[in-house]
Amino acid sequence: MKDKSLWFEVIAIVMLLTNGLALVSVNLPGWGLVGIAGLLAVISITLRIVNEKKVPVPVAAKAV
Amino acid sequence: MHLDVVAAFFLMGVFAQVIKAPVRMPEGLYQSLTIFLLIAIGLKGGIALEQHGSVELLYQSLLIIGFGAFLPLIAFPLLLKVGGLSRVDSASVAAHYGSVSIATFAVALAVLEAQEIAYEPYFPLFVALLEVPAIAVGLWLARSGGQTLDLKKVLHEIFFNQGVLLLVGALLIGWWAGERSEKLMPFFGNMFHGVLALFLLEMGRVAASRLSLLREYGSFIASFGVVMPLIGASLGTLCAMVLDLSVGGIILLATLGASASYIAVPAAMSVALPTANQSVPITASLTVTFPFNVLVGIPLYSALILEFFA
C-alpha cells in the first residue's frame, strides 16, 4: 500500500513539474505548479524520513 | 502570476500564524462573516434567477447535479486503493471533494469582477445544487461497506445545514423579491469584497495552524489535495463546455469542480458517519486544497480558460 501512495506522489510531482514548465514555456502562469511540485517533494521526503525515525525499535534489539 | 487583492489577505493570515503574531478573530465574528458571504452570494444569485430563469436552466441544473455526484466516484477509489484509507474515511473525504467551497467560489467571483469577465449571474444556484449530491454519494459509498444510517437525522443535516439553508434561503428570497432586494445590496453587495478579505485573513491563519496535522496523515493527503482539484477543474471545464457557458461561467465551474467543502459536508458527515475521522478531510480541504485553489488554482484556471476560450 505504501508503494502505491509513493508512486502516486511521484507521478503527481512529475506531472505538476512538467505541466508547469510547459505552461511557462508558452508564457502562461505555470510557476505556481512548479512551486507546488517542489513543495510536495519536500513534504513527501521529509515526512518519510520523520516517520521512519518514529518506527519503534523491537524489544529484542533493545536488549542487545 | 496574477494574485487577486483578496487572496493577498489569505497570505497575510498565513504569515501572521507562522510568526505567531496575535492576530485572532473572535469565533463569533468568523461565523458572522461566513453567514454574510452565504447570504450575499445567495441573494445576488436569486435576483439574477428572477431575471434569467428559463427551461434551459432546468436542464443545466440536472447536469450540474450529475457532475456533483460524479466527482466523489473518482476520488473514492484513489483514496481507498492508492491512499490506503479505510472505506468510511475514503467515502467521507470523497464527499468533501465532490461538494464545493463557498469561500473558493467567492474568491473566483472577486477575480472575475476585478478582471471584468462576464459570467452567468444565476451561478449561486449551481453552488447550492453542488452542495448536496456528493454527500449522498459519499454516504452510499460508505453504506456499501456496512455502515448503518439514521436517515432522518442525515437528511436533516444534508438539507438544513448552515451552508445549504442560508444559501438556498437567500437565493429564494432574492428570486421572490427580485428588484425589491436591491435595497439590501448596499450592505450585501458593496461590502462583499471587504468582508471576503477579512474572512480570508482568518482562513489563512486557520489553514496555517493546521499544517502540523499533515505530518499525522502523511504526504499522500497533501498530493491528493493538489491532484484532485486539478482533476475536478478539468471535468468542470468539460461540463461547462457541454452546458455552453460563457468564459466566466467556465472559470466558475472549473473552480467549483476544484474546490472541496469544509463547512457543509463536515457537519453532515459528523452526524451520518460518526466513525469516520473528520479531521482528515478538513485538513486536506482547508490546509491543502483551499490555499492551492486561492493562490495557484484560480489564477491558473482563469489564465488557461481565457487563453483557450476567450
# chains A, B, ... in the order shown; residues from 1 in each chain; ligands from 1

call {"tool": "residues_around", "arguments": {"residues": "range 2-6 of chain A", "least_positions_apart": "5", "cutoff": "6 Å", "atoms": "only C-alpha atoms", "output": "PyMOL selection string"}}
result
chain B and resi 82-83+220

call {"tool": "write_last_selection", "arguments": {"atoms": "C-alpha atoms", "output": "PDB file, in the first residue's frame"}}
result
ATOM      1  CA  VAL B  82      -3.942   4.181  -3.516  1.00  0.00           C
ATOM      2  CA  GLY B  83      -4.046   6.130  -0.276  1.00  0.00           C
ATOM      3  CA  PHE B 220      -0.405  11.202   0.303  1.00  0.00           C
TER       4      PHE B 220
END

call {"tool": "interface_residues", "arguments": {"of": "chain B", "to": "chain A", "cutoff": "12 Å", "atoms": "only C-alpha atoms", "output": "ChimeraX atom specification"}}
result
/B:1-3,78-85,211-228,230-231,288-289,291-308

call {"tool": "write_last_selection", "arguments": {"atoms": "N, CA and C atoms", "output": "compact mmCIF listing (two decimals), in the first residue's frame"}}
result
# COMPACT_ATOMS: atom_id res chain seq x y z
N MET B 1 2.53 35.67 -12.17
CA MET B 1 1.20 35.15 -11.86
C MET B 1 0.36 36.25 -11.20
N HIS B 2 -0.89 36.40 -11.66
CA HIS B 2 -1.74 37.45 -11.13
C HIS B 2 -2.43 36.96 -9.86
N LEU B 3 -2.15 37.64 -8.75
CA LEU B 3 -2.77 37.27 -7.48
C LEU B 3 -3.77 38.36 -7.12
N LEU B 78 -9.29 6.38 -5.49
CA LEU B 78 -7.93 6.90 -5.27
C LEU B 78 -7.59 6.82 -3.78
N LEU B 79 -8.53 7.25 -2.95
CA LEU B 79 -8.29 7.28 -1.51
C LEU B 79 -8.23 5.87 -0.91
N LEU B 80 -9.12 5.00 -1.41
CA LEU B 80 -9.21 3.64 -0.85
C LEU B 80 -8.06 2.76 -1.32
N LYS B 81 -7.85 2.72 -2.63
CA LYS B 81 -6.87 1.78 -3.20
C LYS B 81 -5.45 2.32 -3.17
N VAL B 82 -5.30 3.62 -3.45
CA VAL B 82 -3.94 4.18 -3.52
C VAL B 82 -3.52 4.74 -2.16
N GLY B 83 -4.41 5.49 -1.55
CA GLY B 83 -4.05 6.13 -0.28
C GLY B 83 -4.09 5.20 0.92
N GLY B 84 -4.82 4.08 0.77
CA GLY B 84 -4.89 3.11 1.86
C GLY B 84 -5.77 3.57 3.02
N LEU B 85 -6.67 4.53 2.78
CA LEU B 85 -7.60 4.97 3.84
C LEU B 85 -8.69 3.90 4.02
N LEU B 211 -1.33 23.06 9.71
CA LEU B 211 -0.28 22.46 8.87
C LEU B 211 0.38 21.24 9.52
N SER B 212 0.56 21.32 10.86
CA SER B 212 1.26 20.24 11.55
C SER B 212 0.48 18.92 11.47
N LEU B 213 -0.85 19.02 11.24
CA LEU B 213 -1.67 17.80 11.16
C LEU B 213 -1.30 16.97 9.93
N LEU B 214 -0.73 17.65 8.92
CA LEU B 214 -0.34 16.92 7.71
C LEU B 214 0.65 15.81 8.04
N ARG B 215 1.49 16.07 9.05
CA ARG B 215 2.50 15.09 9.45
C ARG B 215 1.82 13.80 9.91
N GLU B 216 0.67 14.00 10.55
CA GLU B 216 -0.07 12.85 11.07
C GLU B 216 -0.68 12.00 9.96
N TYR B 217 -1.19 12.68 8.92
CA TYR B 217 -1.92 11.95 7.89
C TYR B 217 -1.07 11.57 6.68
N GLY B 218 0.18 11.97 6.65
CA GLY B 218 1.09 11.54 5.60
C GLY B 218 1.04 12.40 4.36
N SER B 219 2.06 12.19 3.54
CA SER B 219 2.22 13.05 2.36
C SER B 219 1.21 12.72 1.27
N PHE B 220 0.58 11.53 1.34
CA PHE B 220 -0.40 11.20 0.30
C PHE B 220 -1.53 12.22 0.29
N ILE B 221 -2.00 12.60 1.48
CA ILE B 221 -3.12 13.54 1.58
C ILE B 221 -2.74 14.88 0.95
N ALA B 222 -1.47 15.30 1.13
CA ALA B 222 -1.02 16.56 0.52
C ALA B 222 -1.07 16.47 -1.00
N SER B 223 -0.58 15.34 -1.55
CA SER B 223 -0.59 15.17 -3.01
C SER B 223 -2.03 15.07 -3.52
N PHE B 224 -2.85 14.32 -2.79
CA PHE B 224 -4.25 14.17 -3.20
C PHE B 224 -4.95 15.54 -3.22
N GLY B 225 -4.64 16.36 -2.20
CA GLY B 225 -5.25 17.69 -2.09
C GLY B 225 -4.89 18.63 -3.22
N VAL B 226 -3.86 18.29 -3.97
CA VAL B 226 -3.48 19.10 -5.13
C VAL B 226 -3.96 18.45 -6.43
N VAL B 227 -3.85 17.11 -6.50
CA VAL B 227 -4.22 16.42 -7.75
C VAL B 227 -5.73 16.45 -7.97
N MET B 228 -6.50 16.20 -6.89
CA MET B 228 -7.96 16.13 -7.05
C MET B 228 -8.56 17.45 -7.56
N LEU B 230 -7.18 19.52 -9.56
CA LEU B 230 -6.86 19.64 -10.98
C LEU B 230 -7.76 18.73 -11.82
N ILE B 231 -8.06 17.53 -11.28
CA ILE B 231 -9.00 16.63 -11.98
C ILE B 231 -10.39 17.29 -12.00
N VAL B 288 -4.68 22.17 2.41
CA VAL B 288 -4.02 21.94 1.12
C VAL B 288 -4.84 22.53 -0.04
N THR B 289 -6.07 22.05 -0.20
CA THR B 289 -6.84 22.39 -1.40
C THR B 289 -7.27 23.86 -1.44
N PRO B 291 -5.88 26.65 0.05
CA PRO B 291 -4.78 27.53 -0.31
C PRO B 291 -4.31 27.32 -1.75
N PHE B 292 -4.28 26.04 -2.19
CA PHE B 292 -3.85 25.76 -3.56
C PHE B 292 -4.76 26.47 -4.56
N ASN B 293 -6.07 26.36 -4.35
CA ASN B 293 -7.01 26.99 -5.28
C ASN B 293 -6.90 28.51 -5.26
N VAL B 294 -6.79 29.08 -4.06
CA VAL B 294 -6.77 30.55 -3.96
C VAL B 294 -5.48 31.13 -4.53
N LEU B 295 -4.35 30.50 -4.23
CA LEU B 295 -3.06 31.09 -4.62
C LEU B 295 -2.58 30.65 -6.00
N VAL B 296 -2.87 29.41 -6.38
CA VAL B 296 -2.35 28.89 -7.66
C VAL B 296 -3.49 28.53 -8.62
N GLY B 297 -4.47 27.79 -8.13
CA GLY B 297 -5.51 27.24 -9.00
C GLY B 297 -6.32 28.28 -9.76
N ILE B 298 -6.96 29.19 -9.02
CA ILE B 298 -7.87 30.15 -9.70
C ILE B 298 -7.11 31.01 -10.73
N PRO B 299 -5.92 31.57 -10.39
CA PRO B 299 -5.19 32.30 -11.44
C PRO B 299 -4.86 31.42 -12.64
N LEU B 300 -4.55 30.14 -12.37
CA LEU B 300 -4.20 29.21 -13.45
C LEU B 300 -5.42 28.87 -14.31
N TYR B 301 -6.54 28.51 -13.65
CA TYR B 301 -7.75 28.16 -14.41
C TYR B 301 -8.19 29.34 -15.27
N SER B 302 -8.19 30.54 -14.67
CA SER B 302 -8.68 31.70 -15.43
C SER B 302 -7.75 32.02 -16.59
N ALA B 303 -6.42 31.91 -16.38
CA ALA B 303 -5.49 32.22 -17.48
C ALA B 303 -5.65 31.21 -18.60
N LEU B 304 -5.74 29.91 -18.24
CA LEU B 304 -5.85 28.87 -19.28
C LEU B 304 -7.18 28.99 -20.03
N ILE B 305 -8.26 29.20 -19.29
CA ILE B 305 -9.58 29.26 -19.93
C ILE B 305 -9.68 30.51 -20.82
N LEU B 306 -9.13 31.62 -20.33
CA LEU B 306 -9.14 32.84 -21.16
C LEU B 306 -8.31 32.62 -22.42
N GLU B 307 -7.20 31.89 -22.27
CA GLU B 307 -6.30 31.65 -23.42
C GLU B 307 -7.01 30.79 -24.48
N PHE B 308 -7.74 29.76 -24.03
CA PHE B 308 -8.31 28.82 -24.99
C PHE B 308 -9.75 29.09 -25.40

call {"tool": "residues_around", "arguments": {"residues": "range 27-42 of chain B", "least_positions_apart": "3", "cutoff": "9 Å", "atoms": "only C-alpha atoms", "output": "count of residues only"}}
result
32

call {"tool": "atom_distance", "arguments": {"atom1": "CA of Ser86 in chain B", "atom2": "CA of Ala260 in chain B"}}
result
19.6 Å

call {"tool": "select_by_dssp", "arguments": {"residues": "chain A", "states": "alpha helix (DSSP H)", "output": "mmCIF file with C-alpha atoms, in the first residue's frame"}}
result
data_model
loop_
_atom_site.group_PDB
_atom_site.id
_atom_site.type_symbol
_atom_site.label_atom_id
_atom_site.label_comp_id
_atom_site.auth_asym_id
_atom_site.auth_seq_id
_atom_site.Cartn_x
_atom_site.Cartn_y
_atom_site.Cartn_z
ATOM 1 C CA LYS A 2 2.876 2.348 0.880
ATOM 2 C CA ASP A 3 4.352 1.771 -2.582
ATOM 3 C CA LYS A 4 1.094 2.759 -4.269
ATOM 4 C CA SER A 5 0.926 6.061 -2.412
ATOM 5 C CA LEU A 6 4.632 6.682 -3.132
ATOM 6 C CA TRP A 7 4.028 6.086 -6.840
ATOM 7 C CA PHE A 8 1.010 8.379 -6.731
ATOM 8 C CA GLU A 9 3.098 11.113 -5.146
ATOM 9 C CA VAL A 10 5.991 10.667 -7.610
ATOM 10 C CA ILE A 11 3.637 10.748 -10.617
ATOM 11 C CA ALA A 12 1.830 13.818 -9.207
ATOM 12 C CA ILE A 13 5.109 15.681 -8.648
ATOM 13 C CA VAL A 14 6.477 14.807 -12.117
ATOM 14 C CA MET A 15 3.203 15.801 -13.813
ATOM 15 C CA LEU A 16 2.961 19.103 -11.915
ATOM 16 C CA LEU A 17 6.564 19.880 -12.783
ATOM 17 C CA THR A 18 6.309 19.030 -16.486
ATOM 18 C CA ASN A 19 2.941 20.762 -16.930
ATOM 19 C CA GLY A 20 4.165 23.817 -15.024
ATOM 20 C CA LEU A 21 7.312 24.099 -17.126
ATOM 21 C CA ALA A 22 5.302 23.533 -20.322
ATOM 22 C CA LEU A 23 2.984 26.404 -19.347
ATOM 23 C CA VAL A 24 5.912 28.684 -18.505
ATOM 24 C CA SER A 25 7.483 27.939 -21.881
ATOM 25 C CA TRP A 31 5.361 28.769 -11.888
ATOM 26 C CA GLY A 32 2.692 28.012 -9.298
ATOM 27 C CA LEU A 33 2.561 24.358 -10.383
ATOM 28 C CA VAL A 34 6.373 24.155 -10.388
ATOM 29 C CA GLY A 35 6.476 25.600 -6.867
ATOM 30 C CA ILE A 36 3.772 23.196 -5.647
ATOM 31 C CA ALA A 37 5.672 20.243 -7.184
ATOM 32 C CA GLY A 38 8.756 21.292 -5.216
ATOM 33 C CA LEU A 39 6.742 21.718 -2.031
ATOM 34 C CA LEU A 40 5.116 18.274 -2.398
ATOM 35 C CA ALA A 41 8.533 16.700 -2.998
ATOM 36 C CA VAL A 42 9.881 18.300 0.189
ATOM 37 C CA ILE A 43 6.805 17.220 2.200
ATOM 38 C CA SER A 44 6.986 13.662 0.815
ATOM 39 C CA ILE A 45 10.690 13.215 1.584
ATOM 40 C CA THR A 46 10.559 14.948 4.982
ATOM 41 C CA LEU A 47 7.530 13.015 6.231
ATOM 42 C CA ARG A 48 9.018 9.708 5.101
ATOM 43 C CA ILE A 49 12.255 10.439 6.971
ATOM 44 C CA VAL A 50 10.349 11.555 10.086
ATOM 45 C CA ASN A 51 8.043 8.504 10.020
ATOM 46 C CA GLU A 52 10.981 6.119 9.512
ATOM 47 C CA LYS A 53 12.672 7.554 12.594
ATOM 48 C CA LYS A 54 9.463 7.030 14.542
ATOM 49 C CA VAL A 59 12.296 -5.228 22.258
ATOM 50 C CA ALA A 60 14.871 -7.950 21.406
ATOM 51 C CA ALA A 61 17.041 -5.466 19.559
ATOM 52 C CA LYS A 62 16.787 -3.070 22.513
ATOM 53 C CA ALA A 63 18.070 -5.728 24.862
#
